[in-house]
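Enquirer: The structure file protein.cif (mmCIF, C-alpha atoms) is provided below.
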data_query
loop_
_atom_site.label_atom_id
_atom_site.label_comp_id
_atom_site.auth_asym_id
_atom_site.auth_seq_id
_atom_site.Cartn_x
_atom_site.Cartn_y
_atom_site.Cartn_z
CA MET A 535 5.34 -64.33 -32.23
CA THR A 536 7.99 -66.57 -30.80
CA MET A 537 9.18 -66.67 -27.21
CA THR A 538 12.36 -64.88 -28.24
CA ASP A 539 10.81 -61.47 -28.87
CA TRP A 540 8.34 -61.10 -26.01
CA SER A 541 10.66 -58.55 -24.42
CA LYS A 542 10.20 -56.30 -27.45
CA GLN A 543 6.43 -56.50 -27.18
CA LEU A 544 6.60 -55.68 -23.47
CA PHE A 545 8.99 -52.82 -24.15
CA ASP A 546 6.82 -51.43 -26.96
CA ASP A 547 3.70 -51.55 -24.78
CA LEU A 548 5.45 -49.74 -21.93
CA VAL A 549 6.83 -47.07 -24.24
CA GLU A 550 3.43 -46.65 -25.87
CA ALA A 551 2.05 -45.95 -22.39
CA GLY A 552 4.65 -43.24 -21.84
CA VAL A 553 7.19 -45.09 -19.72
CA THR A 554 10.64 -43.64 -20.40
CA LEU A 555 12.71 -44.48 -17.32
CA PHE A 556 13.57 -48.15 -16.73
CA SER A 557 15.56 -49.00 -13.62
CA TYR A 558 16.81 -52.49 -12.98
CA VAL A 559 18.94 -54.92 -11.08
CA PRO A 560 20.16 -57.27 -13.79
CA ASP A 561 18.36 -60.58 -14.17
CA ALA A 562 18.10 -63.07 -16.99
CA GLY A 563 14.38 -62.22 -17.11
CA ASN A 564 14.94 -58.52 -17.85
CA LYS A 565 18.14 -58.74 -19.92
CA LYS A 566 16.57 -58.28 -23.34
CA LEU A 567 14.09 -55.69 -22.12
CA ILE A 568 16.93 -53.50 -20.87
CA GLU A 569 18.81 -54.04 -24.14
CA HIS A 570 15.81 -52.55 -25.94
CA VAL A 571 15.81 -49.61 -23.51
CA SER A 572 19.50 -48.97 -24.05
CA ALA A 573 19.16 -49.14 -27.83
CA ARG A 574 16.94 -46.06 -27.98
CA ASN A 575 17.69 -42.41 -27.30
CA ASP A 576 14.30 -41.59 -25.81
CA THR A 577 14.33 -44.24 -23.09
CA THR A 578 16.77 -44.43 -20.18
CA ALA A 579 18.09 -47.48 -18.35
CA VAL A 580 19.24 -47.00 -14.74
CA LEU A 581 21.46 -49.71 -13.32
CA LEU A 582 20.74 -50.01 -9.58
CA THR A 583 22.82 -51.32 -6.72
CA THR A 584 19.70 -52.61 -4.97
CA GLU A 585 16.05 -52.86 -5.97
CA GLU A 586 14.59 -50.36 -3.50
CA GLU A 587 16.45 -47.58 -5.30
CA GLY A 588 14.22 -48.26 -8.28
CA VAL A 589 11.05 -47.82 -6.24
CA ALA A 590 12.38 -44.44 -5.10
CA ILE A 591 13.24 -43.50 -8.70
CA CYS A 592 9.65 -44.32 -9.73
CA ALA A 593 8.43 -42.03 -6.94
CA GLY A 594 10.79 -39.25 -8.01
CA ALA A 595 9.74 -39.52 -11.65
CA ASP A 596 6.10 -39.30 -10.62
CA LEU A 597 6.79 -36.14 -8.62
CA VAL A 598 7.54 -34.36 -11.89
CA GLY A 599 4.93 -36.16 -13.98
CA ARG A 600 7.01 -38.84 -15.69
CA ARG A 601 6.45 -42.59 -15.86
CA SER A 602 8.97 -45.13 -14.70
CA VAL A 603 9.21 -48.88 -14.09
CA VAL A 604 11.54 -50.88 -11.86
CA CYS A 605 12.62 -54.37 -13.01
CA MET A 606 13.94 -57.02 -10.67
CA GLN A 607 14.25 -60.71 -9.93
CA SER A 608 11.90 -62.11 -7.28
CA SER A 609 14.72 -62.19 -4.72
CA GLY A 610 14.87 -58.40 -5.00
CA VAL A 611 11.30 -58.05 -3.78
CA GLY A 612 12.72 -58.78 -0.35
CA ASN A 613 14.77 -55.58 -0.57
CA VAL A 614 11.93 -53.18 -1.31
CA PRO A 615 9.20 -53.26 1.38
CA ASN A 616 10.26 -50.20 3.40
CA PHE A 617 10.45 -48.07 0.28
CA LEU A 618 7.04 -49.33 -0.81
CA SER A 619 5.76 -47.08 2.00
CA PHE A 620 5.28 -44.62 -0.87
CA VAL A 621 2.36 -46.75 -2.11
CA LYS A 622 -0.04 -46.75 0.85
CA GLY A 623 1.34 -43.60 2.38
CA GLY A 624 1.31 -41.35 -0.66
CA ASN A 625 -0.60 -43.04 -3.49
CA PHE A 626 2.55 -43.03 -5.59
CA PRO A 627 1.95 -45.12 -8.73
CA ILE A 628 4.74 -47.72 -8.67
CA LEU A 629 5.06 -50.14 -11.60
CA MET A 630 7.24 -53.19 -11.06
CA ILE A 631 8.30 -56.06 -13.30
CA VAL A 632 9.30 -59.12 -11.31
CA SER A 633 10.93 -62.07 -13.04
CA MET A 634 10.39 -65.12 -10.87
CA ARG A 635 12.81 -67.57 -9.40
CA GLY A 636 11.87 -70.13 -6.81
CA ASP A 637 8.63 -71.21 -8.35
CA TYR A 638 7.66 -73.71 -11.08
CA GLY A 639 10.60 -76.00 -11.88
CA GLU A 640 13.22 -74.25 -9.73
CA GLN A 641 16.29 -76.39 -8.92
CA ASN A 642 18.07 -73.98 -6.57
CA PRO A 643 16.83 -74.27 -2.98
CA TRP A 644 18.14 -70.79 -2.13
CA GLN A 645 15.54 -69.26 -4.43
CA TYR A 646 12.46 -70.80 -2.83
CA PRO A 647 12.13 -68.69 0.33
CA MET A 648 11.91 -65.37 -1.52
CA GLY A 649 10.05 -66.89 -4.45
CA GLN A 650 7.31 -67.93 -2.05
CA ALA A 651 7.35 -64.55 -0.25
CA VAL A 652 6.82 -62.35 -3.32
CA GLU A 653 3.04 -62.32 -3.22
CA PRO A 654 2.62 -61.85 0.55
CA ILE A 655 5.19 -59.04 0.62
CA LEU A 656 3.69 -57.15 -2.30
CA THR A 657 0.18 -57.66 -0.95
CA ALA A 658 1.19 -56.46 2.50
CA MET A 659 2.62 -53.27 1.01
CA GLY A 660 -0.41 -52.52 -1.18
CA VAL A 661 1.01 -53.56 -4.54
CA GLY A 662 -1.35 -55.48 -6.82
CA ILE A 663 -0.15 -58.45 -8.87
CA VAL A 664 -0.81 -59.48 -12.47
CA LYS A 665 0.75 -62.79 -13.40
CA VAL A 666 2.10 -63.84 -16.75
CA ASP A 667 2.09 -67.62 -17.16
CA SER A 668 2.17 -67.74 -20.94
CA LEU A 669 2.87 -65.63 -23.98
CA ASP A 670 -0.87 -65.16 -24.44
CA ASP A 671 -1.04 -63.56 -20.99
CA LEU A 672 1.67 -61.01 -21.60
CA ARG A 673 -0.09 -58.25 -23.49
CA PRO A 674 -3.37 -58.29 -21.52
CA ALA A 675 -1.42 -58.44 -18.25
CA THR A 676 0.77 -55.53 -19.32
CA GLN A 677 -2.26 -53.46 -20.30
CA ALA A 678 -4.01 -54.33 -17.05
CA ALA A 679 -0.99 -53.24 -15.04
CA LEU A 680 -0.60 -50.00 -17.00
CA SER A 681 -4.27 -49.18 -16.46
CA ALA A 682 -4.05 -49.96 -12.76
CA VAL A 683 -0.90 -47.92 -12.17
CA PHE A 684 -1.20 -44.91 -14.46
CA ALA A 685 -4.96 -44.55 -14.89
CA ALA A 686 -6.16 -45.70 -11.47
CA GLY A 687 -3.10 -44.94 -9.35
CA GLN A 688 -2.90 -48.52 -8.01
CA SER A 689 0.66 -49.76 -7.77
CA THR A 690 1.11 -53.07 -9.54
CA ALA A 691 3.74 -55.70 -10.24
CA ILE A 692 3.81 -57.64 -13.49
CA VAL A 693 5.02 -61.03 -12.32
CA LEU A 694 6.70 -63.11 -15.01
CA THR A 695 6.46 -66.68 -13.71
CA GLN A 696 8.76 -69.58 -14.44
CA ARG A 697 5.92 -71.24 -16.34
CA PHE A 698 6.43 -68.36 -18.77
CA LEU A 699 10.18 -67.75 -18.47
CA GLY A 700 11.23 -71.36 -18.00
CA ALA A 701 13.36 -72.57 -15.11
CA LYS A 702 17.10 -72.07 -15.04
CA GLN A 703 18.96 -75.34 -15.56
CA PHE A 704 21.81 -76.33 -13.22
CA MET B 5 39.36 -35.60 12.63
CA ARG B 6 38.57 -31.93 13.26
CA GLN B 7 35.87 -31.18 15.83
CA ALA B 8 32.64 -30.08 14.12
CA THR B 9 31.65 -26.51 14.92
CA LEU B 10 28.90 -25.53 12.47
CA ASP B 11 25.29 -25.27 13.65
CA ARG B 12 23.10 -27.23 11.22
CA ARG B 13 20.33 -24.64 11.51
CA ASP B 14 22.53 -22.10 9.75
CA VAL B 15 23.98 -24.05 6.86
CA LEU B 16 21.27 -24.61 4.23
CA ALA B 17 20.47 -20.91 3.79
CA ARG B 18 24.16 -20.28 3.11
CA ILE B 19 24.47 -23.15 0.62
CA PHE B 20 21.17 -22.27 -1.11
CA PRO B 21 20.81 -18.45 -1.01
CA ASN B 22 18.04 -18.75 -3.65
CA PRO B 23 16.12 -21.87 -2.64
CA GLU B 24 13.20 -21.03 -4.96
CA ARG B 25 15.43 -22.05 -7.86
CA TYR B 26 15.57 -25.67 -6.68
CA LEU B 27 13.37 -28.69 -6.29
CA PHE B 28 14.22 -30.15 -2.86
CA ILE B 29 13.94 -33.78 -1.78
CA SER B 30 14.88 -34.45 1.80
CA GLY B 31 15.33 -37.57 3.84
CA LEU B 32 13.62 -38.13 7.14
CA ALA B 33 14.16 -36.46 10.53
CA GLY B 34 16.55 -33.54 11.03
CA PRO B 35 17.33 -32.89 7.36
CA ALA B 36 13.59 -32.74 6.64
CA ARG B 37 13.09 -30.10 9.31
CA ASP B 38 16.09 -28.10 8.12
CA THR B 39 14.82 -28.24 4.52
CA ALA B 40 11.25 -27.36 5.44
CA GLY B 41 12.63 -24.43 7.42
CA LEU B 42 14.64 -23.28 4.42
CA THR B 43 11.67 -23.25 2.03
CA ASN B 44 8.88 -22.68 4.57
CA ASP B 45 7.74 -26.18 3.53
CA GLY B 46 7.01 -24.79 0.08
CA ALA B 47 5.65 -26.56 -2.96
CA ASN B 48 9.20 -27.06 -4.28
CA THR B 49 9.89 -29.30 -1.28
CA PHE B 50 9.16 -32.97 -0.68
CA THR B 51 10.28 -34.08 2.76
CA MET B 52 10.10 -37.63 4.08
CA ALA B 53 9.30 -38.96 7.50
CA GLY B 54 10.03 -42.62 6.75
CA ALA B 55 11.48 -44.83 4.00
CA MET B 56 14.92 -44.20 5.46
CA GLY B 57 17.56 -44.28 2.73
CA ALA B 58 15.27 -43.21 -0.12
CA ALA B 59 16.07 -39.51 -0.46
CA THR B 60 19.02 -39.79 -2.84
CA THR B 61 17.29 -42.03 -5.35
CA VAL B 62 13.99 -40.12 -5.19
CA GLY B 63 16.10 -37.09 -6.07
CA LEU B 64 17.78 -39.05 -8.85
CA GLY B 65 14.36 -39.94 -10.27
CA VAL B 66 13.36 -36.28 -10.20
CA ALA B 67 16.65 -35.14 -11.74
CA LEU B 68 16.53 -37.66 -14.59
CA SER B 69 12.87 -36.87 -15.27
CA ALA B 70 13.19 -33.06 -15.14
CA PRO B 71 16.58 -32.34 -16.70
CA ASP B 72 15.79 -28.63 -17.01
CA ARG B 73 15.31 -28.22 -13.24
CA LYS B 74 17.91 -27.88 -10.50
CA VAL B 75 17.36 -30.68 -7.99
CA ALA B 76 18.80 -30.86 -4.48
CA VAL B 77 18.74 -33.82 -2.13
CA VAL B 78 19.21 -33.02 1.55
CA THR B 79 20.05 -36.11 3.55
CA GLY B 80 21.73 -37.06 6.80
CA ASP B 81 24.70 -39.30 7.49
CA GLY B 82 22.53 -42.13 8.81
CA GLU B 83 19.99 -41.87 5.99
CA LEU B 84 22.68 -41.80 3.33
CA LEU B 85 24.58 -44.73 4.81
CA MET B 86 21.44 -46.85 4.84
CA ASN B 87 21.53 -46.80 1.01
CA ILE B 88 25.11 -45.78 0.40
CA GLY B 89 25.04 -47.61 -2.91
CA SER B 90 22.75 -44.86 -4.20
CA LEU B 91 25.84 -42.67 -4.62
CA VAL B 92 27.17 -45.26 -7.06
CA THR B 93 23.91 -45.19 -9.00
CA VAL B 94 23.95 -41.37 -9.09
CA ALA B 95 27.54 -41.28 -10.29
CA SER B 96 26.81 -43.87 -12.95
CA MET B 97 23.91 -41.81 -14.36
CA ALA B 98 25.75 -38.51 -13.82
CA PRO B 99 22.76 -36.12 -13.88
CA PRO B 100 24.26 -32.62 -14.24
CA ASN B 101 21.29 -31.02 -12.46
CA LEU B 102 21.58 -32.97 -9.18
CA THR B 103 23.23 -31.85 -5.94
CA ILE B 104 23.36 -33.96 -2.78
CA VAL B 105 23.93 -32.22 0.55
CA CYS B 106 24.57 -34.51 3.48
CA ILE B 107 24.16 -32.90 6.89
CA ASP B 108 26.57 -35.01 8.88
CA ASN B 109 26.13 -34.69 12.64
CA GLY B 110 27.89 -37.98 13.29
CA CYS B 111 24.95 -39.42 15.19
CA HIS B 112 21.34 -40.57 14.98
CA GLY B 113 19.75 -37.42 16.37
CA GLU B 114 16.13 -38.45 15.87
CA THR B 115 16.39 -41.60 17.94
CA GLY B 116 18.42 -40.37 20.89
CA GLY B 117 21.78 -39.23 19.55
CA GLN B 118 23.39 -42.64 19.25
CA THR B 119 26.89 -42.60 17.73
CA GLY B 120 27.00 -42.98 13.95
CA HIS B 121 29.61 -44.44 11.64
CA THR B 122 30.94 -41.03 10.56
CA SER B 123 32.02 -40.44 14.17
CA ARG B 124 34.06 -43.62 13.94
CA THR B 125 35.72 -44.44 10.65
CA ALA B 126 33.48 -43.63 7.67
CA ASN B 127 34.36 -40.67 5.44
CA LEU B 128 31.37 -39.77 3.29
CA GLU B 129 33.17 -37.37 0.99
CA GLN B 130 35.74 -40.03 0.14
CA ILE B 131 32.96 -42.55 -0.40
CA ALA B 132 31.18 -40.15 -2.77
CA ARG B 133 34.43 -39.54 -4.63
CA GLY B 134 35.09 -43.26 -4.76
CA ALA B 135 31.61 -43.83 -6.14
CA GLY B 136 32.54 -41.55 -9.01
CA ILE B 137 31.13 -38.16 -8.00
CA ALA B 138 34.09 -35.96 -8.86
CA SER B 139 32.47 -32.71 -7.67
CA SER B 140 32.64 -33.59 -3.99
CA SER B 141 33.63 -31.42 -1.07
CA VAL B 142 33.57 -31.14 2.71
CA VAL B 143 32.16 -28.08 4.45
CA GLU B 144 33.26 -27.83 8.07
CA THR B 145 34.26 -24.19 8.65
CA GLU B 146 32.71 -20.79 8.10
CA ALA B 147 35.20 -20.25 5.30
CA ASP B 148 34.06 -23.48 3.63
CA LEU B 149 30.46 -22.38 4.00
CA ASP B 150 31.23 -19.08 2.30
CA LYS B 151 32.38 -21.00 -0.77
CA ALA B 152 29.58 -23.56 -0.90
CA ALA B 153 27.07 -21.59 -3.00
CA ALA B 154 29.76 -20.87 -5.59
CA PHE B 155 30.69 -24.56 -5.59
CA LEU B 156 27.12 -25.39 -6.63
CA GLU B 157 27.16 -22.81 -9.40
CA GLU B 158 30.61 -23.56 -10.76
CA MET B 159 31.20 -27.28 -10.41
CA PRO B 160 29.67 -29.75 -12.86
CA GLY B 161 26.97 -32.05 -11.53
CA PRO B 162 26.31 -34.34 -9.95
CA ARG B 163 27.72 -32.69 -6.83
CA PHE B 164 28.13 -33.93 -3.28
CA ILE B 165 28.68 -31.78 -0.22
CA GLN B 166 29.30 -33.28 3.20
CA VAL B 167 28.48 -30.64 5.80
CA ARG B 168 29.97 -31.51 9.17
CA VAL B 169 27.85 -30.03 11.94
CA THR B 170 27.58 -30.33 15.71
CA ASP B 171 25.07 -32.71 17.25
CA GLY B 172 22.76 -29.83 18.21
CA PRO B 173 19.05 -29.75 17.34
CA PRO B 174 17.74 -29.29 13.80
CA THR B 175 15.60 -26.37 12.70
CA SER B 176 12.37 -26.18 14.65
CA TYR B 177 9.72 -26.53 11.97
CA LYS B 178 6.42 -28.40 11.98
CA ARG B 179 6.10 -29.65 8.41
CA ASN B 180 3.28 -31.44 6.62
CA PHE B 181 3.56 -35.21 7.27
CA ASN B 182 0.75 -36.18 4.89
CA MET B 183 2.62 -37.90 2.09
CA ALA B 184 -0.28 -37.92 -0.36
CA GLU B 185 -0.92 -34.20 0.12
CA CYS B 186 2.77 -33.41 -0.24
CA ARG B 187 2.97 -35.50 -3.42
CA ILE B 188 0.09 -33.62 -5.05
CA ARG B 189 1.42 -30.27 -3.87
CA PHE B 190 4.90 -30.89 -5.28
CA ARG B 191 3.66 -32.51 -8.48
CA THR B 192 1.16 -29.78 -9.28
CA ALA B 193 3.72 -27.05 -8.72
CA ALA B 194 6.43 -28.84 -10.70
CA LEU B 195 4.15 -29.42 -13.67
CA ASN B 196 2.92 -25.82 -13.65
CA THR B 197 6.33 -24.20 -13.34
CA ALA B 198 8.61 -23.51 -16.27
CA GLY B 199 12.18 -24.71 -16.03
CA GLY B 200 14.91 -22.72 -14.36
#
Can you turn what I pasted into structure tokens?

Expert:
Amino acid sequence: MTMTDWSKQLFDDLVEAGVTLFSYVPDAGNKKLIEHVSARNDTTAVLLTTEEEGVAICAGADLVGRRSVVCMQSSGVGNVPNFLSFVKGGNFPILMIVSMRGDYGEQNPWQYPMGQAVEPILTAMGVGIVKVDSLDDLRPATQAALSAVFAAGQSTAIVLTQRFLGAKQF
Amino acid sequence: MRQATLDRRDVLARIFPNPERYLFISGLAGPARDTAGLTNDGANTFTMAGAMGAATTVGLGVALSAPDRKVAVVTGDGELLMNIGSLVTVASMAPPNLTIVCIDNGCHGETGGQTGHTSRTANLEQIARGAGIASSSVVETEADLDKAAAFLEEMPGPRFIQVRVTDGPPTSYKRNFNMAECRIRFRTAALNTAGG
């Protein structure tokens, strides 16, 4: 498999696990994933105005027994902590996909503060982290996250690092 | 702007004469008490006591995931304004089974009655309409309230109703604050109940 179709593998694994509702704030890291969602009739893409809406949508889907994921850039993690109250407070199973900026190879200084805050914020709010640094990591990390969230009820973020995604060039 | 006259404790039962037909999601504080009072904090009700701003998009998640159920969000003016963009997201997805009722008392009643934006310049019904929710209305008189239930039945969803009320107290109701218990209660009932 080449680097160009990893989004399809990720999408297929999520769908196989029963995820049907994909909410997102657009990012280069989730562009192709959302294109796969939009191309099918049995999966739904929800364009958000801000990332915390997606956490709430995951909670709402769970309330009626459906599985959802929220996709965002690392900067968006800074928008979600209050809504992640659903995790510790209610054991809601929240699955997140975070595409990193502000880590390995980043050239934009504005991205570093939130890039460095992703792990402490998620940890503080009770969300586990599985990192993807390479293509070989992707499938096992996805399966680990799906098991944690939907089998064990432990909210988890799949963090796609810039070692995996590559750094944006300016 | 017309002086608000409606008592918030009276409005939900008029808008939802058959609350058992709905799944209710309510935002924190007064709207949660009013909603719990309406349904006797029943299993079709998930009220919040935190995560201010989340009610509308939790309701959207429910509505998109259970398209055969009627879903109602009950929020307040402060809660809605904290994530006002959620109206844009709702309009964009256009779930026909979702209704949003905003109990607008023009102030932050839970924290001491401080003046809110809707007492100054913000018009929530116009914002909802501008977001793209065509079935939007304002309820501020008894006559408006008489028509509200029919509005829900007749107008295509998603729907938005701004209910302008006085700054008096919400319904006195001591609801369950245990989020995990309320999740299980709602989820079990929703999964065991046929649509309709």

Enquirer: For chain A, list the residues within 10 Å of chain B, counting all atoms listed in the file, and write the list as a PyMOL selection string.

Expert: chain A and resi 554-555+557+578-584+586-602+614-626

Enquirer: Which residues are near Val169 (chain B)? Cut-off 12 Å, all atoms listed in the file, ignore same chain within fewer than 2 positions. Put them as JSON, numbers by chain.

Expert: {"B": [6, 7, 8, 9, 10, 11, 12, 13, 14, 15, 16, 34, 35, 80, 81, 106, 107, 108, 109, 110, 111, 113, 122, 123, 142, 143, 144, 145, 146, 149, 166, 167, 171, 172, 173, 174]}

Enquirer: Taking the file as shown, find all residues satisfying the PyMOL selection byres ((chain B and resi 165) around 10) and write them as a list of chain:residue names.

Expert: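 On the file shown, the PyMOL selection byres ((chain B and resi 165) around 10) covers B:Ile19, B:Val78, B:Thr103, B:Ile104, B:Val105, B:Cys106, B:Ile107, B:Asp108, B:Leu128, B:Glu129, B:Ala132, B:Ser139, B:Ser140, B:Ser141, B:Val142, B:Val143, B:Ala152, B:Phe155, B:Leu156, B:Arg163, B:Phe164, B:Gln166, B:Val167, B:Arg168.
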
Enquirer: Go ahead and compute the interatomic distance for CA of Ala562 (chain A) and CA of Asp667 (chain A), in Å to one decimal.

Expert: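 Separation between CA of Ala562 (chain A) and CA of Asp667 (chain A): 16.6 Å.
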
Enquirer: Would you work out the distance separating CA of Ala138 (chain B) from CA of Ala17 (chain B), expressed in Å to one decimal?

Expert: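 These two atoms are separated by 23.9 Å.
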
Enquirer: Closest to Val683 (chain A) among A:Gly700, A:Val571, A:Leu629, A:Phe545, using all atoms listed in the file?

Expert: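 Of A:Gly700, A:Val571, A:Leu629, A:Phe545, the one nearest Val683 (chain A), counting all atoms listed in the file, is A:Leu629.
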
Enquirer: Quick test: take region 58-84 of chain B, keep N, CA and C atoms, and write it as a PDB file, in the first residue's frame.

Expert:
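After the write, selection26.pdb holds the following:
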ATOM      1  N   ALA B  58     -23.542  22.621  24.515  1.00  0.00           N
ATOM      2  CA  ALA B  58     -23.519  21.321  23.834  1.00  0.00           C
ATOM      3  C   ALA B  58     -24.897  20.811  23.418  1.00  0.00           C
ATOM      4  N   ALA B  59     -25.966  21.371  23.970  1.00  0.00           N
ATOM      5  CA  ALA B  59     -27.279  20.736  23.797  1.00  0.00           C
ATOM      6  C   ALA B  59     -27.666  20.586  22.327  1.00  0.00           C
ATOM      7  N   THR B  60     -27.472  21.622  21.549  1.00  0.00           N
ATOM      8  CA  THR B  60     -27.952  21.584  20.161  1.00  0.00           C
ATOM      9  C   THR B  60     -27.237  20.500  19.362  1.00  0.00           C
ATOM     10  N   THR B  61     -25.943  20.361  19.544  1.00  0.00           N
ATOM     11  CA  THR B  61     -25.239  19.353  18.738  1.00  0.00           C
ATOM     12  C   THR B  61     -25.378  17.947  19.325  1.00  0.00           C
ATOM     13  N   VAL B  62     -25.605  17.806  20.628  1.00  0.00           N
ATOM     14  CA  VAL B  62     -25.977  16.470  21.127  1.00  0.00           C
ATOM     15  C   VAL B  62     -27.298  16.070  20.466  1.00  0.00           C
ATOM     16  N   GLY B  63     -28.239  16.998  20.435  1.00  0.00           N
ATOM     17  CA  GLY B  63     -29.524  16.720  19.781  1.00  0.00           C
ATOM     18  C   GLY B  63     -29.363  16.409  18.309  1.00  0.00           C
ATOM     19  N   LEU B  64     -28.447  17.092  17.649  1.00  0.00           N
ATOM     20  CA  LEU B  64     -28.185  16.807  16.233  1.00  0.00           C
ATOM     21  C   LEU B  64     -27.651  15.386  16.068  1.00  0.00           C
ATOM     22  N   GLY B  65     -26.746  14.984  16.958  1.00  0.00           N
ATOM     23  CA  GLY B  65     -26.217  13.621  16.899  1.00  0.00           C
ATOM     24  C   GLY B  65     -27.310  12.585  17.085  1.00  0.00           C
ATOM     25  N   VAL B  66     -28.220  12.853  18.005  1.00  0.00           N
ATOM     26  CA  VAL B  66     -29.349  11.943  18.224  1.00  0.00           C
ATOM     27  C   VAL B  66     -30.237  11.918  16.977  1.00  0.00           C
ATOM     28  N   ALA B  67     -30.553  13.089  16.461  1.00  0.00           N
ATOM     29  CA  ALA B  67     -31.486  13.179  15.326  1.00  0.00           C
ATOM     30  C   ALA B  67     -30.927  12.488  14.081  1.00  0.00           C
ATOM     31  N   LEU B  68     -29.640  12.669  13.822  1.00  0.00           N
ATOM     32  CA  LEU B  68     -29.036  12.027  12.647  1.00  0.00           C
ATOM     33  C   LEU B  68     -28.930  10.519  12.836  1.00  0.00           C
ATOM     34  N   SER B  69     -28.797  10.086  14.078  1.00  0.00           N
ATOM     35  CA  SER B  69     -28.586   8.660  14.363  1.00  0.00           C
ATOM     36  C   SER B  69     -29.884   7.904  14.555  1.00  0.00           C
ATOM     37  N   ALA B  70     -30.973   8.604  14.823  1.00  0.00           N
ATOM     38  CA  ALA B  70     -32.287   7.971  15.010  1.00  0.00           C
ATOM     39  C   ALA B  70     -33.307   8.718  14.161  1.00  0.00           C
ATOM     40  N   PRO B  71     -33.215   8.568  12.835  1.00  0.00           N
ATOM     41  CA  PRO B  71     -34.059   9.376  11.951  1.00  0.00           C
ATOM     42  C   PRO B  71     -35.554   9.067  12.060  1.00  0.00           C
ATOM     43  N   ASP B  72     -35.887   7.959  12.707  1.00  0.00           N
ATOM     44  CA  ASP B  72     -37.309   7.615  12.867  1.00  0.00           C
ATOM     45  C   ASP B  72     -37.888   8.146  14.173  1.00  0.00           C
ATOM     46  N   ARG B  73     -37.097   8.866  14.954  1.00  0.00           N
ATOM     47  CA  ARG B  73     -37.580   9.432  16.216  1.00  0.00           C
ATOM     48  C   ARG B  73     -37.699  10.945  16.116  1.00  0.00           C
ATOM     49  N   LYS B  74     -38.675  11.500  16.829  1.00  0.00           N
ATOM     50  CA  LYS B  74     -38.775  12.950  16.965  1.00  0.00           C
ATOM     51  C   LYS B  74     -37.826  13.386  18.079  1.00  0.00           C
ATOM     52  N   VAL B  75     -36.983  14.357  17.784  1.00  0.00           N
ATOM     53  CA  VAL B  75     -35.972  14.802  18.742  1.00  0.00           C
ATOM     54  C   VAL B  75     -36.178  16.283  19.016  1.00  0.00           C
ATOM     55  N   ALA B  76     -36.163  16.655  20.296  1.00  0.00           N
ATOM     56  CA  ALA B  76     -36.303  18.057  20.669  1.00  0.00           C
ATOM     57  C   ALA B  76     -35.143  18.485  21.556  1.00  0.00           C
ATOM     58  N   VAL B  77     -34.516  19.578  21.182  1.00  0.00           N
ATOM     59  CA  VAL B  77     -33.508  20.220  22.022  1.00  0.00           C
ATOM     60  C   VAL B  77     -34.185  21.374  22.752  1.00  0.00           C
ATOM     61  N   VAL B  78     -33.990  21.435  24.066  1.00  0.00           N
ATOM     62  CA  VAL B  78     -34.454  22.587  24.827  1.00  0.00           C
ATOM     63  C   VAL B  78     -33.216  23.283  25.367  1.00  0.00           C
ATOM     64  N   THR B  79     -33.030  24.512  24.958  1.00  0.00           N
ATOM     65  CA  THR B  79     -31.832  25.252  25.347  1.00  0.00           C
ATOM     66  C   THR B  79     -32.235  26.629  25.857  1.00  0.00           C
ATOM     67  N   GLY B  80     -31.269  27.363  26.352  1.00  0.00           N
ATOM     68  CA  GLY B  80     -31.510  28.733  26.786  1.00  0.00           C
ATOM     69  C   GLY B  80     -30.754  29.711  25.905  1.00  0.00           C
ATOM     70  N   ASP B  81     -31.029  30.986  26.058  1.00  0.00           N
ATOM     71  CA  ASP B  81     -30.369  31.970  25.196  1.00  0.00           C
ATOM     72  C   ASP B  81     -28.859  31.995  25.437  1.00  0.00           C
ATOM     73  N   GLY B  82     -28.434  31.883  26.681  1.00  0.00           N
ATOM     74  CA  GLY B  82     -26.996  31.890  26.963  1.00  0.00           C
ATOM     75  C   GLY B  82     -26.313  30.638  26.448  1.00  0.00           C
ATOM     76  N   GLU B  83     -26.955  29.487  26.673  1.00  0.00           N
ATOM     77  CA  GLU B  83     -26.383  28.207  26.228  1.00  0.00           C
ATOM     78  C   GLU B  83     -26.259  28.169  24.712  1.00  0.00           C
ATOM     79  N   LEU B  84     -27.308  28.614  24.040  1.00  0.00           N
ATOM     80  CA  LEU B  84     -27.299  28.592  22.577  1.00  0.00           C
ATOM     81  C   LEU B  84     -26.231  29.537  22.026  1.00  0.00           C
TER      82      LEU B  84
END
